[in-house]
$ cat start_33.pdb   # PDB, C-alpha atoms and all ligand atoms
ATOM      1  CA  MET A  18      53.531 -24.165 -21.548  1.00  0.00           C
ATOM      2  CA  PRO A  19      49.800 -24.229 -20.557  1.00  0.00           C
ATOM      3  CA  THR A  20      47.487 -25.192 -23.374  1.00  0.00           C
ATOM      4  CA  ARG A  21      44.312 -23.279 -24.084  1.00  0.00           C
ATOM      5  CA  PRO A  22      41.084 -25.221 -24.679  1.00  0.00           C
ATOM      6  CA  LEU A  23      40.213 -25.279 -28.369  1.00  0.00           C
ATOM      7  CA  PRO A  24      37.125 -23.189 -29.222  1.00  0.00           C
ATOM      8  CA  LEU A  25      34.074 -25.347 -29.918  1.00  0.00           C
ATOM      9  CA  PRO A  26      33.178 -25.424 -33.623  1.00  0.00           C
ATOM     10  CA  THR A  27      30.204 -23.195 -34.465  1.00  0.00           C
ATOM     11  CA  PRO A  28      27.420 -25.163 -36.159  1.00  0.00           C
ATOM     12  CA  PRO A  29      26.677 -24.092 -39.752  1.00  0.00           C
ATOM     13  CA  CYS A  30      24.040 -21.406 -40.215  1.00  0.00           C
ATOM     14  CA  LEU A  31      21.768 -20.675 -43.189  1.00  0.00           C
ATOM     15  CA  ARG A  32      20.541 -17.111 -43.646  1.00  0.00           C
ATOM     16  CA  LEU A  33      17.223 -17.055 -45.468  1.00  0.00           C
ATOM     17  CA  GLU A  34      16.975 -14.588 -48.342  1.00  0.00           C
ATOM     18  CA  LEU A  35      13.577 -13.147 -47.402  1.00  0.00           C
ATOM     19  CA  PRO A  36      12.362  -9.560 -47.864  1.00  0.00           C
ATOM     20  CA  ASP A  37      11.665  -7.571 -44.665  1.00  0.00           C
ATOM     21  CA  ALA A  38      13.082 -10.316 -42.450  1.00  0.00           C
ATOM     22  CA  ASP A  39      16.065 -11.505 -40.470  1.00  0.00           C
ATOM     23  CA  VAL A  40      15.659 -15.291 -40.349  1.00  0.00           C
ATOM     24  CA  ARG A  41      18.530 -17.678 -39.687  1.00  0.00           C
ATOM     25  CA  LEU A  42      18.519 -21.448 -39.297  1.00  0.00           C
ATOM     26  CA  TRP A  43      21.069 -23.702 -37.638  1.00  0.00           C
ATOM     27  CA  PRO A  44      19.901 -27.166 -38.747  1.00  0.00           C
ATOM     28  CA  ARG A  45      22.170 -28.903 -36.199  1.00  0.00           C
ATOM     29  CA  ALA A  46      22.549 -26.490 -33.305  1.00  0.00           C
ATOM     30  CA  VAL A  47      22.330 -29.381 -30.819  1.00  0.00           C
ATOM     31  CA  GLY A  48      24.211 -32.617 -31.551  1.00  0.00           C
ATOM     32  CA  ARG A  49      22.169 -35.767 -32.079  1.00  0.00           C
ATOM     33  CA  GLU A  50      22.959 -37.510 -28.787  1.00  0.00           C
ATOM     34  CA  ARG A  51      22.429 -34.415 -26.662  1.00  0.00           C
ATOM     35  CA  ALA A  52      19.196 -33.629 -28.521  1.00  0.00           C
ATOM     36  CA  ASP A  53      17.947 -37.187 -27.830  1.00  0.00           C
ATOM     37  CA  ALA A  54      18.730 -36.804 -24.126  1.00  0.00           C
ATOM     38  CA  LEU A  55      17.158 -33.338 -23.906  1.00  0.00           C
ATOM     39  CA  PHE A  56      14.003 -34.553 -25.615  1.00  0.00           C
ATOM     40  CA  ARG A  57      13.633 -37.482 -23.204  1.00  0.00           C
ATOM     41  CA  SER A  58      14.333 -35.358 -20.165  1.00  0.00           C
ATOM     42  CA  LEU A  59      12.024 -32.451 -21.107  1.00  0.00           C
ATOM     43  CA  ARG A  60       9.235 -34.839 -22.150  1.00  0.00           C
ATOM     44  CA  ALA A  61       9.362 -36.493 -18.724  1.00  0.00           C
ATOM     45  CA  SER A  62      10.110 -33.543 -16.429  1.00  0.00           C
ATOM     46  CA  VAL A  63       8.175 -30.538 -17.787  1.00  0.00           C
ATOM     47  CA  ASP A  64       4.791 -29.850 -16.211  1.00  0.00           C
ATOM     48  CA  TRP A  65       2.927 -29.966 -19.552  1.00  0.00           C
ATOM     49  CA  GLN A  66      -0.492 -28.321 -19.454  1.00  0.00           C
ATOM     50  CA  GLN A  67      -3.455 -28.575 -21.768  1.00  0.00           C
ATOM     51  CA  GLU A  68      -4.765 -25.017 -22.130  1.00  0.00           C
ATOM     52  CA  HIS A  69      -8.045 -23.853 -23.566  1.00  0.00           C
ATOM     53  CA  VAL A  70      -9.194 -20.688 -25.281  1.00  0.00           C
ATOM     54  CA  VAL A  71     -12.639 -19.161 -25.447  1.00  0.00           C
ATOM     55  CA  ILE A  72     -13.537 -18.154 -29.005  1.00  0.00           C
ATOM     56  CA  PHE A  73     -16.934 -16.472 -29.519  1.00  0.00           C
ATOM     57  CA  GLY A  74     -18.062 -17.905 -26.189  1.00  0.00           C
ATOM     58  CA  ALA A  75     -17.050 -21.475 -27.057  1.00  0.00           C
ATOM     59  CA  ARG A  76     -14.353 -23.188 -24.992  1.00  0.00           C
ATOM     60  CA  ARG A  77     -11.801 -24.945 -27.207  1.00  0.00           C
ATOM     61  CA  LEU A  78      -8.779 -27.019 -26.261  1.00  0.00           C
ATOM     62  CA  VAL A  79      -5.473 -25.711 -27.606  1.00  0.00           C
ATOM     63  CA  PRO A  80      -4.092 -28.451 -29.892  1.00  0.00           C
ATOM     64  CA  ARG A  81      -0.784 -28.975 -28.098  1.00  0.00           C
ATOM     65  CA  LEU A  82       0.534 -28.996 -24.514  1.00  0.00           C
ATOM     66  CA  VAL A  83       2.408 -26.005 -23.179  1.00  0.00           C
ATOM     67  CA  ALA A  84       4.609 -24.736 -20.351  1.00  0.00           C
ATOM     68  CA  TRP A  85       5.970 -21.292 -19.548  1.00  0.00           C
ATOM     69  CA  HIS A  86       9.355 -20.844 -17.818  1.00  0.00           C
ATOM     70  CA  GLY A  87      11.415 -17.751 -17.194  1.00  0.00           C
ATOM     71  CA  ASP A  88      12.693 -15.082 -14.856  1.00  0.00           C
ATOM     72  CA  PRO A  89      10.276 -14.338 -11.966  1.00  0.00           C
ATOM     73  CA  ASP A  90       8.967 -11.107 -13.535  1.00  0.00           C
ATOM     74  CA  THR A  91       8.026 -12.604 -16.893  1.00  0.00           C
ATOM     75  CA  ARG A  92       4.413 -13.448 -16.209  1.00  0.00           C
ATOM     76  CA  TYR A  93       2.017 -13.789 -19.136  1.00  0.00           C
ATOM     77  CA  VAL A  94      -1.707 -13.052 -19.133  1.00  0.00           C
ATOM     78  CA  TYR A  95      -3.881 -15.118 -21.433  1.00  0.00           C
ATOM     79  CA  SER A  96      -7.375 -16.593 -21.315  1.00  0.00           C
ATOM     80  CA  GLY A  97      -8.069 -14.044 -18.583  1.00  0.00           C
ATOM     81  CA  THR A  98      -5.494 -15.580 -16.219  1.00  0.00           C
ATOM     82  CA  ALA A  99      -2.002 -14.454 -15.253  1.00  0.00           C
ATOM     83  CA  HIS A 100       0.422 -17.332 -15.706  1.00  0.00           C
ATOM     84  CA  GLU A 101       3.448 -17.157 -13.463  1.00  0.00           C
ATOM     85  CA  PRO A 102       6.635 -18.524 -15.001  1.00  0.00           C
ATOM     86  CA  LEU A 103       8.056 -21.781 -13.738  1.00  0.00           C
ATOM     87  CA  ALA A 104      11.719 -21.627 -12.742  1.00  0.00           C
ATOM     88  CA  TRP A 105      14.599 -22.224 -15.124  1.00  0.00           C
ATOM     89  CA  THR A 106      15.955 -25.763 -15.060  1.00  0.00           C
ATOM     90  CA  ALA A 107      19.478 -26.901 -15.954  1.00  0.00           C
ATOM     91  CA  GLU A 108      18.334 -28.104 -19.395  1.00  0.00           C
ATOM     92  CA  LEU A 109      16.463 -24.903 -20.191  1.00  0.00           C
ATOM     93  CA  LEU A 110      19.445 -22.801 -19.112  1.00  0.00           C
ATOM     94  CA  GLU A 111      21.711 -24.931 -21.306  1.00  0.00           C
ATOM     95  CA  LEU A 112      19.471 -24.307 -24.330  1.00  0.00           C
ATOM     96  CA  ARG A 113      19.112 -20.615 -23.515  1.00  0.00           C
ATOM     97  CA  HIS A 114      22.900 -20.314 -23.344  1.00  0.00           C
ATOM     98  CA  LEU A 115      23.216 -22.001 -26.738  1.00  0.00           C
ATOM     99  CA  ALA A 116      20.500 -19.784 -28.260  1.00  0.00           C
ATOM    100  CA  GLU A 117      22.098 -16.615 -26.880  1.00  0.00           C
ATOM    101  CA  ASN A 118      25.561 -17.608 -28.107  1.00  0.00           C
ATOM    102  CA  LEU A 119      24.405 -18.437 -31.622  1.00  0.00           C
ATOM    103  CA  THR A 120      21.928 -15.597 -32.167  1.00  0.00           C
ATOM    104  CA  GLY A 121      23.626 -12.823 -30.169  1.00  0.00           C
ATOM    105  CA  HIS A 122      20.304 -11.907 -28.483  1.00  0.00           C
ATOM    106  CA  ARG A 123      19.303 -12.184 -24.796  1.00  0.00           C
ATOM    107  CA  TYR A 124      16.224 -14.127 -23.626  1.00  0.00           C
ATOM    108  CA  ASN A 125      14.480 -14.085 -20.232  1.00  0.00           C
ATOM    109  CA  SER A 126      11.705 -16.614 -20.828  1.00  0.00           C
ATOM    110  CA  VAL A 127      10.744 -19.632 -22.880  1.00  0.00           C
ATOM    111  CA  LEU A 128       7.452 -21.009 -24.128  1.00  0.00           C
ATOM    112  CA  LEU A 129       7.498 -24.788 -24.546  1.00  0.00           C
ATOM    113  CA  ASN A 130       5.092 -26.567 -26.880  1.00  0.00           C
ATOM    114  CA  LEU A 131       4.603 -30.321 -27.053  1.00  0.00           C
ATOM    115  CA  TYR A 132       3.055 -31.541 -30.316  1.00  0.00           C
ATOM    116  CA  ARG A 133       1.858 -35.044 -29.445  1.00  0.00           C
ATOM    117  CA  ASP A 134       1.198 -36.094 -33.051  1.00  0.00           C
ATOM    118  CA  GLY A 135       0.020 -34.659 -36.377  1.00  0.00           C
ATOM    119  CA  ARG A 136      -3.307 -33.570 -34.840  1.00  0.00           C
ATOM    120  CA  ASP A 137      -1.417 -30.983 -32.822  1.00  0.00           C
ATOM    121  CA  GLY A 138      -0.310 -27.785 -34.532  1.00  0.00           C
ATOM    122  CA  MET A 139      -0.270 -24.015 -34.304  1.00  0.00           C
ATOM    123  CA  GLY A 140      -2.312 -21.588 -36.384  1.00  0.00           C
ATOM    124  CA  TRP A 141      -1.060 -18.509 -38.230  1.00  0.00           C
ATOM    125  CA  HIS A 142       0.163 -15.816 -35.857  1.00  0.00           C
ATOM    126  CA  ALA A 143       3.075 -13.470 -35.186  1.00  0.00           C
ATOM    127  CA  ASP A 144       5.057 -13.190 -31.976  1.00  0.00           C
ATOM    128  CA  ASP A 145       4.382  -9.469 -31.837  1.00  0.00           C
ATOM    129  CA  GLU A 146       2.827  -8.887 -28.427  1.00  0.00           C
ATOM    130  CA  PRO A 147       3.746  -5.437 -27.053  1.00  0.00           C
ATOM    131  CA  GLU A 148       5.751  -6.892 -24.177  1.00  0.00           C
ATOM    132  CA  LEU A 149       8.179  -8.447 -26.693  1.00  0.00           C
ATOM    133  CA  GLY A 150       9.302  -4.976 -27.773  1.00  0.00           C
ATOM    134  CA  ALA A 151       9.533  -3.180 -31.115  1.00  0.00           C
ATOM    135  CA  GLU A 152      11.598  -5.802 -32.919  1.00  0.00           C
ATOM    136  CA  PRO A 153      11.105  -9.122 -31.105  1.00  0.00           C
ATOM    137  CA  ALA A 154      13.975 -11.593 -31.204  1.00  0.00           C
ATOM    138  CA  ILE A 155      12.775 -15.182 -31.016  1.00  0.00           C
ATOM    139  CA  ALA A 156      15.003 -18.265 -30.879  1.00  0.00           C
ATOM    140  CA  SER A 157      13.129 -21.475 -31.579  1.00  0.00           C
ATOM    141  CA  VAL A 158      14.719 -24.828 -30.713  1.00  0.00           C
ATOM    142  CA  SER A 159      13.125 -28.036 -32.022  1.00  0.00           C
ATOM    143  CA  LEU A 160      13.551 -31.540 -30.592  1.00  0.00           C
ATOM    144  CA  GLY A 161      11.956 -34.777 -31.743  1.00  0.00           C
ATOM    145  CA  ALA A 162       9.920 -35.304 -34.903  1.00  0.00           C
ATOM    146  CA  THR A 163      10.517 -33.003 -37.858  1.00  0.00           C
ATOM    147  CA  ARG A 164       7.565 -30.687 -38.514  1.00  0.00           C
ATOM    148  CA  ARG A 165       6.882 -28.173 -41.262  1.00  0.00           C
ATOM    149  CA  PHE A 166       7.150 -24.516 -40.259  1.00  0.00           C
ATOM    150  CA  ARG A 167       5.489 -21.981 -42.589  1.00  0.00           C
ATOM    151  CA  LEU A 168       6.335 -18.290 -42.867  1.00  0.00           C
ATOM    152  CA  ARG A 169       3.957 -16.047 -44.801  1.00  0.00           C
ATOM    153  CA  HIS A 170       4.595 -12.425 -45.749  1.00  0.00           C
ATOM    154  CA  ARG A 171       1.607 -10.348 -44.592  1.00  0.00           C
ATOM    155  CA  THR A 172       1.266  -8.265 -47.774  1.00  0.00           C
ATOM    156  CA  LEU A 173       3.218 -10.108 -50.477  1.00  0.00           C
ATOM    157  CA  LYS A 174       1.502 -13.366 -49.364  1.00  0.00           C
ATOM    158  CA  SER A 175       4.608 -15.369 -50.345  1.00  0.00           C
ATOM    159  CA  VAL A 176       5.004 -18.540 -48.273  1.00  0.00           C
ATOM    160  CA  THR A 177       8.303 -20.146 -47.269  1.00  0.00           C
ATOM    161  CA  ASP A 178       8.310 -23.657 -45.841  1.00  0.00           C
ATOM    162  CA  LEU A 179      11.060 -24.947 -43.569  1.00  0.00           C
ATOM    163  CA  GLU A 180      11.382 -28.446 -42.148  1.00  0.00           C
ATOM    164  CA  LEU A 181      12.459 -27.965 -38.528  1.00  0.00           C
ATOM    165  CA  GLY A 182      14.359 -31.065 -37.476  1.00  0.00           C
ATOM    166  CA  HIS A 183      15.712 -32.557 -34.261  1.00  0.00           C
ATOM    167  CA  GLY A 184      18.279 -30.196 -32.718  1.00  0.00           C
ATOM    168  CA  SER A 185      17.631 -27.259 -35.054  1.00  0.00           C
ATOM    169  CA  LEU A 186      17.532 -23.621 -34.008  1.00  0.00           C
ATOM    170  CA  LEU A 187      15.586 -20.983 -35.923  1.00  0.00           C
ATOM    171  CA  SER A 188      16.127 -17.313 -35.198  1.00  0.00           C
ATOM    172  CA  MET A 189      13.586 -14.651 -36.187  1.00  0.00           C
ATOM    173  CA  ALA A 190      14.609 -11.092 -35.438  1.00  0.00           C
ATOM    174  CA  GLY A 191      14.533  -7.484 -36.663  1.00  0.00           C
ATOM    175  CA  PRO A 192      11.360  -6.665 -38.653  1.00  0.00           C
ATOM    176  CA  THR A 193      10.319 -10.324 -39.177  1.00  0.00           C
ATOM    177  CA  GLN A 194       7.331 -10.348 -36.788  1.00  0.00           C
ATOM    178  CA  HIS A 195       5.952  -7.130 -38.310  1.00  0.00           C
ATOM    179  CA  HIS A 196       5.954  -8.458 -41.841  1.00  0.00           C
ATOM    180  CA  TYR A 197       5.360 -12.194 -41.436  1.00  0.00           C
ATOM    181  CA  VAL A 198       3.045 -14.626 -39.727  1.00  0.00           C
ATOM    182  CA  HIS A 199       4.044 -18.221 -39.061  1.00  0.00           C
ATOM    183  CA  ALA A 200       2.360 -21.554 -38.383  1.00  0.00           C
ATOM    184  CA  VAL A 201       2.972 -25.249 -37.730  1.00  0.00           C
ATOM    185  CA  PRO A 202       0.208 -26.985 -39.723  1.00  0.00           C
ATOM    186  CA  LYS A 203      -1.474 -30.137 -38.571  1.00  0.00           C
ATOM    187  CA  THR A 204      -0.672 -33.148 -40.731  1.00  0.00           C
ATOM    188  CA  ALA A 205      -2.353 -36.443 -41.630  1.00  0.00           C
ATOM    189  CA  ARG A 206       1.108 -38.034 -41.971  1.00  0.00           C
ATOM    190  CA  PRO A 207       2.050 -40.315 -39.074  1.00  0.00           C
ATOM    191  CA  VAL A 208       4.439 -38.178 -37.072  1.00  0.00           C
ATOM    192  CA  GLY A 209       6.035 -38.605 -33.667  1.00  0.00           C
ATOM    193  CA  GLU A 210       6.203 -36.232 -30.743  1.00  0.00           C
ATOM    194  CA  ARG A 211       7.955 -32.905 -31.080  1.00  0.00           C
ATOM    195  CA  ILE A 212       9.011 -30.372 -28.460  1.00  0.00           C
ATOM    196  CA  ASN A 213       9.550 -26.770 -29.504  1.00  0.00           C
ATOM    197  CA  LEU A 214      11.041 -24.108 -27.251  1.00  0.00           C
ATOM    198  CA  THR A 215      10.708 -20.445 -28.215  1.00  0.00           C
ATOM    199  CA  PHE A 216      13.067 -18.271 -26.200  1.00  0.00           C
ATOM    200  CA  ARG A 217      11.831 -14.694 -25.859  1.00  0.00           C
ATOM    201  CA  CYS A 218      12.659 -11.470 -24.067  1.00  0.00           C
ATOM    202  CA  VAL A 219       9.549 -10.223 -22.274  1.00  0.00           C
ATOM    203  CA  SER A 220       9.527  -6.738 -20.825  1.00  0.00           C
ATOM    204  CA  SER A 221       8.805  -7.019 -17.102  1.00  0.00           C
ATOM    205  CA  SER A 222       6.832  -3.755 -17.073  1.00  0.00           C
ATOM    206  CA  ALA A 223       4.241  -4.800 -19.660  1.00  0.00           C
ATOM    207  CA  LEU A 224       1.671  -7.533 -19.313  1.00  0.00           C
ATOM    208  CA  ALA A 225      -0.059  -8.945 -22.384  1.00  0.00           C
ATOM    209  CA  GLY A 226      -3.822  -8.724 -22.564  1.00  0.00           C
ATOM    210  CA  ALA A 227      -3.884 -11.662 -24.952  1.00  0.00           C
ATOM    211  CA  GLY A 228      -0.713 -13.683 -24.847  1.00  0.00           C
ATOM    212  CA  ALA A 229       1.176 -15.998 -27.096  1.00  0.00           C
ATOM    213  CA  LEU A 230      -0.825 -19.058 -26.146  1.00  0.00           C
ATOM    214  CA  GLU A 231      -4.174 -17.927 -27.534  1.00  0.00           C
ATOM    215  CA  ARG A 232      -3.562 -19.557 -30.870  1.00  0.00           C
ATOM    216  CA  GLY A 233      -5.460 -22.256 -32.625  1.00  0.00           C
TER
HETATM  217  O1  LIG A 301       6.566 -24.996 -32.909  1.00  0.00           O
HETATM  218  C1  LIG A 301       7.080 -24.132 -33.595  1.00  0.00           C
HETATM  219  O2  LIG A 301       8.005 -24.355 -34.373  1.00  0.00           O
HETATM  220  C2  LIG A 301       6.547 -22.703 -33.549  1.00  0.00           C
HETATM  221  C3  LIG A 301       6.135 -22.245 -32.192  1.00  0.00           C
HETATM  222  C4  LIG A 301       5.537 -20.878 -32.237  1.00  0.00           C
HETATM  223  O3  LIG A 301       5.221 -20.357 -33.279  1.00  0.00           O
HETATM  224  C5  LIG A 301       5.294 -20.136 -31.004  1.00  0.00           C
HETATM  225  O4  LIG A 301       5.541 -20.670 -29.911  1.00  0.00           O
HETATM  226  O5  LIG A 301       4.832 -18.991 -31.098  1.00  0.00           O
END
$ encode --input "start_33.pdb" --output "structure tokens" --more "lines below"
Ligand SMILES: O=C(O)CCC(=O)C(=O)O
Amino acid sequence: MPTRPLPLPTPPCLRLELPDADVRLWPRAVGRERADALFRSLRASVDWQQEHVVIFGARRLVPRLVAWHGDPDTRYVYSGTAHEPLAWTAELLELRHLAENLTGHRYNSVLLNLYRDGRDGMGWHADDEPELGAEPAIASVSLGATRRFRLRHRTLKSVTDLELGHGSLLSMAGPTQHHYVHAVPKTARPVGERINLTFRCVSSSALAGAGALERG
């Protein structure tokens, strides 16, 4: 009698008890060895770019390196320039598949951030650009050094801190982006490199006037 392959075990998921939010965390979505290999490969193969923003006329470097990949119609406009997506690679498709399977949402693009050390970070913002739709679903995969991720309720001002470790997946969906902002603070602690990938679903008909990368 033919045997069926056993279903792969689903990694454990924590649902955060937060008002006005749908936030779930899979601390070990990617196994250790695969996460090590993905980190090494993405670090070496991605075309990491140092972007800048102009704030009150002053040109400032964004404190991290970035790359934008996705379907051909998922271009982003920021800093006055339309950024065409780079093509999906095997590793990015593998992670997108994992993110879609675990979260139940579909993604057509991914923003990659490389935090070189504790001097790199991301300021408070929400992923609420119009092209992400009414209730944006974001799946955020972390590889490399553990960094603190802060979520702050816009009106209650309550702050929740998560430590996003190697191979973790954080899902933010439903009303989360309307009610919360989030940040990855810089740190004086010695900390190694970290790659974060935020999978998104960008509407092909809308272009952002100020996109996700214009963040301090
Ligand atoms: O690096 C992270 O964990 C967060 C990234 C993020 O907030 C973003 O790409 O909008």
$ residues_near_ligand --input "start_33.pdb" --ligand "ligand LIG 301 (chain A)" --cutoff "6 Å" --atoms "only C-alpha atoms and all ligand atoms" --output "mmCIF file with C-alpha atoms, keeping the file's coordinate frame"
data_model
loop_
_atom_site.group_PDB
_atom_site.id
_atom_site.type_symbol
_atom_site.label_atom_id
_atom_site.label_comp_id
_atom_site.auth_asym_id
_atom_site.auth_seq_id
_atom_site.Cartn_x
_atom_site.Cartn_y
_atom_site.Cartn_z
ATOM 1 C CA ASP A 144 5.057 -13.190 -31.976
ATOM 2 C CA PHE A 166 7.150 -24.516 -40.259
ATOM 3 C CA ALA A 200 2.360 -21.554 -38.383
ATOM 4 C CA VAL A 201 2.972 -25.249 -37.730
ATOM 5 C CA ASN A 213 9.550 -26.770 -29.504
ATOM 6 C CA THR A 215 10.708 -20.445 -28.215
#
$ axis_aligned_box --input "start_33.pdb" --around "stretch 66-73 of chain A" --padding-each-side "8 Å" --output "AutoDock Vina command-line options"
--center_x -8.7 --center_y -22.5 --center_z -24.5 --size_x 32.4 --size_y 28.1 --size_z 26.1
$ closest_residue --input "start_33.pdb" --among "A:Arg57, A:Arg81, A:Arg136, A:His122" --to "A:Ala190" --atoms "only C-alpha atoms"
A:His122
$ closest_residue --input "start_33.pdb" --among "A:His196, A:His142, A:Arg217, A:Arg41" --to "A:Leu119" --atoms "only C-alpha atoms"
A:Arg41
$ resolve_selection --input "start_33.pdb" --expression "the PyMOL selection byres (((chain A and resi 106) around 10) and not hetatm)" --output "PyMOL selection string"
chain A and resi 59+62-63+86-87+103-105+107-111
$ closest_residue --input "start_33.pdb" --among "A:Tyr132, A:Leu186, A:Asp137, A:Thr193" --to "A:Arg169" --atoms "all atoms listed in the file"
A:Thr193
$ residues_around --input "start_33.pdb" --residues "A:Ser175" --least-positions-apart "2" --cutoff "12 Å" --atoms "all atoms listed in the file" --output "PDB file with C-alpha atoms, in the frame of the given file"
ATOM      1  CA  LEU A  35      13.577 -13.147 -47.402  1.00  0.00           C
ATOM      2  CA  PRO A  36      12.362  -9.560 -47.864  1.00  0.00           C
ATOM      3  CA  ASP A  37      11.665  -7.571 -44.665  1.00  0.00           C
ATOM      4  CA  ARG A 167       5.489 -21.981 -42.589  1.00  0.00           C
ATOM      5  CA  LEU A 168       6.335 -18.290 -42.867  1.00  0.00           C
ATOM      6  CA  ARG A 169       3.957 -16.047 -44.801  1.00  0.00           C
ATOM      7  CA  HIS A 170       4.595 -12.425 -45.749  1.00  0.00           C
ATOM      8  CA  ARG A 171       1.607 -10.348 -44.592  1.00  0.00           C
ATOM      9  CA  THR A 172       1.266  -8.265 -47.774  1.00  0.00           C
ATOM     10  CA  LEU A 173       3.218 -10.108 -50.477  1.00  0.00           C
ATOM     11  CA  THR A 177       8.303 -20.146 -47.269  1.00  0.00           C
ATOM     12  CA  ASP A 178       8.310 -23.657 -45.841  1.00  0.00           C
ATOM     13  CA  HIS A 196       5.954  -8.458 -41.841  1.00  0.00           C
ATOM     14  CA  TYR A 197       5.360 -12.194 -41.436  1.00  0.00           C
ATOM     15  CA  VAL A 198       3.045 -14.626 -39.727  1.00  0.00           C
ATOM     16  CA  HIS A 199       4.044 -18.221 -39.061  1.00  0.00           C
TER      17      HIS A 199
END
$ resolve_selection --input "start_33.pdb" --expression "the PyMOL selection byres (((chain A and resi 40) around 7) and not hetatm)" --output "ChimeraX atom specification"
/A:32-33,38-39,41-42,188-190
$ closest_residue --input "start_33.pdb" --among "A:Glu117, A:Asp134, A:Glu101, A:Asp145" --to "A:Phe216" --atoms "all atoms listed in the file"
A:Glu117
$ atom_distance --input "start_33.pdb" --atom1 "atom CA of A:Pro207" --atom2 "atom CA of A:Gln67"
21.6 Å
$ residues_around --input "start_33.pdb" --residues "stretch 44-47 of chain A" --least-positions-apart "3" --cutoff "12 Å" --atoms "only C-alpha atoms" --output "short mmCIF file (atom, residue, chain, number, x, y, z; two decimals) with C-alpha atoms, in the frame of the given file"
data_model
loop_
_atom_site.label_atom_id
_atom_site.label_comp_id
_atom_site.auth_asym_id
_atom_site.auth_seq_id
_atom_site.Cartn_x
_atom_site.Cartn_y
_atom_site.Cartn_z
CA PRO A 26 33.18 -25.42 -33.62
CA THR A 27 30.20 -23.20 -34.47
CA PRO A 28 27.42 -25.16 -36.16
CA PRO A 29 26.68 -24.09 -39.75
CA CYS A 30 24.04 -21.41 -40.22
CA LEU A 31 21.77 -20.68 -43.19
CA ARG A 32 20.54 -17.11 -43.65
CA ARG A 41 18.53 -17.68 -39.69
CA GLU A 50 22.96 -37.51 -28.79
CA ARG A 51 22.43 -34.42 -26.66
CA ALA A 52 19.20 -33.63 -28.52
CA ASP A 53 17.95 -37.19 -27.83
CA ALA A 54 18.73 -36.80 -24.13
CA LEU A 55 17.16 -33.34 -23.91
CA PHE A 56 14.00 -34.55 -25.62
CA GLU A 111 21.71 -24.93 -21.31
CA LEU A 112 19.47 -24.31 -24.33
CA ARG A 113 19.11 -20.62 -23.52
CA HIS A 114 22.90 -20.31 -23.34
CA LEU A 115 23.22 -22.00 -26.74
CA ALA A 116 20.50 -19.78 -28.26
CA GLU A 117 22.10 -16.61 -26.88
CA ASN A 118 25.56 -17.61 -28.11
CA LEU A 119 24.40 -18.44 -31.62
CA THR A 120 21.93 -15.60 -32.17
CA ALA A 156 15.00 -18.26 -30.88
CA SER A 157 13.13 -21.48 -31.58
CA VAL A 158 14.72 -24.83 -30.71
CA SER A 159 13.12 -28.04 -32.02
CA LEU A 160 13.55 -31.54 -30.59
CA GLY A 161 11.96 -34.78 -31.74
CA THR A 163 10.52 -33.00 -37.86
CA LEU A 179 11.06 -24.95 -43.57
CA GLU A 180 11.38 -28.45 -42.15
CA LEU A 181 12.46 -27.96 -38.53
CA GLY A 182 14.36 -31.06 -37.48
CA HIS A 183 15.71 -32.56 -34.26
CA GLY A 184 18.28 -30.20 -32.72
CA SER A 185 17.63 -27.26 -35.05
CA LEU A 186 17.53 -23.62 -34.01
CA LEU A 187 15.59 -20.98 -35.92
CA SER A 188 16.13 -17.31 -35.20
#
$ residues_around --input "start_33.pdb" --residues "A:Gly138" --least-positions-apart "6" --cutoff "12 Å" --atoms "all atoms listed in the file" --output "list in words"
Leu78, Val79, Pro80, Arg81, Leu82, Val83, Asn130, Leu131, Tyr132, Arg164, Arg165, Phe166, Arg167, His199, Ala200, Val201, Pro202, Lys203, Thr204, Ala205, Val208, Glu210, Arg211, Ile212, Asn213, Arg232 and Gly233 of chain A
$ atom_distance --input "start_33.pdb" --atom1 "atom CA of A:Arg60" --atom2 "atom CA of A:Met139"
18.8 Å
$ residues_around --input "start_33.pdb" --residues "A:Cys218" --least-positions-apart "5" --cutoff "9 Å" --atoms "all atoms listed in the file" --output "list of chain:residue names"
A:Thr91, A:His122, A:Arg123, A:Tyr124, A:Asn125, A:Ser126, A:Val127, A:Glu148, A:Leu149, A:Gly150, A:Pro153, A:Ala154, A:Ile155
$ closest_residue --input "start_33.pdb" --among "A:Val70, A:Ala75, A:Ala151, A:Ala84" --to "A:Ser220" --atoms "all atoms listed in the file"
A:Ala151
$ resolve_selection --input "start_33.pdb" --expression "the PyMOL selection byres (((chain A and resi 92) around 8) and not hetatm)" --output "count of residues only"
11
$ atom_distance --input "start_33.pdb" --atom1 "atom CA of A:Leu214" --atom2 "atom CA of A:Trp85"
9.6 Å
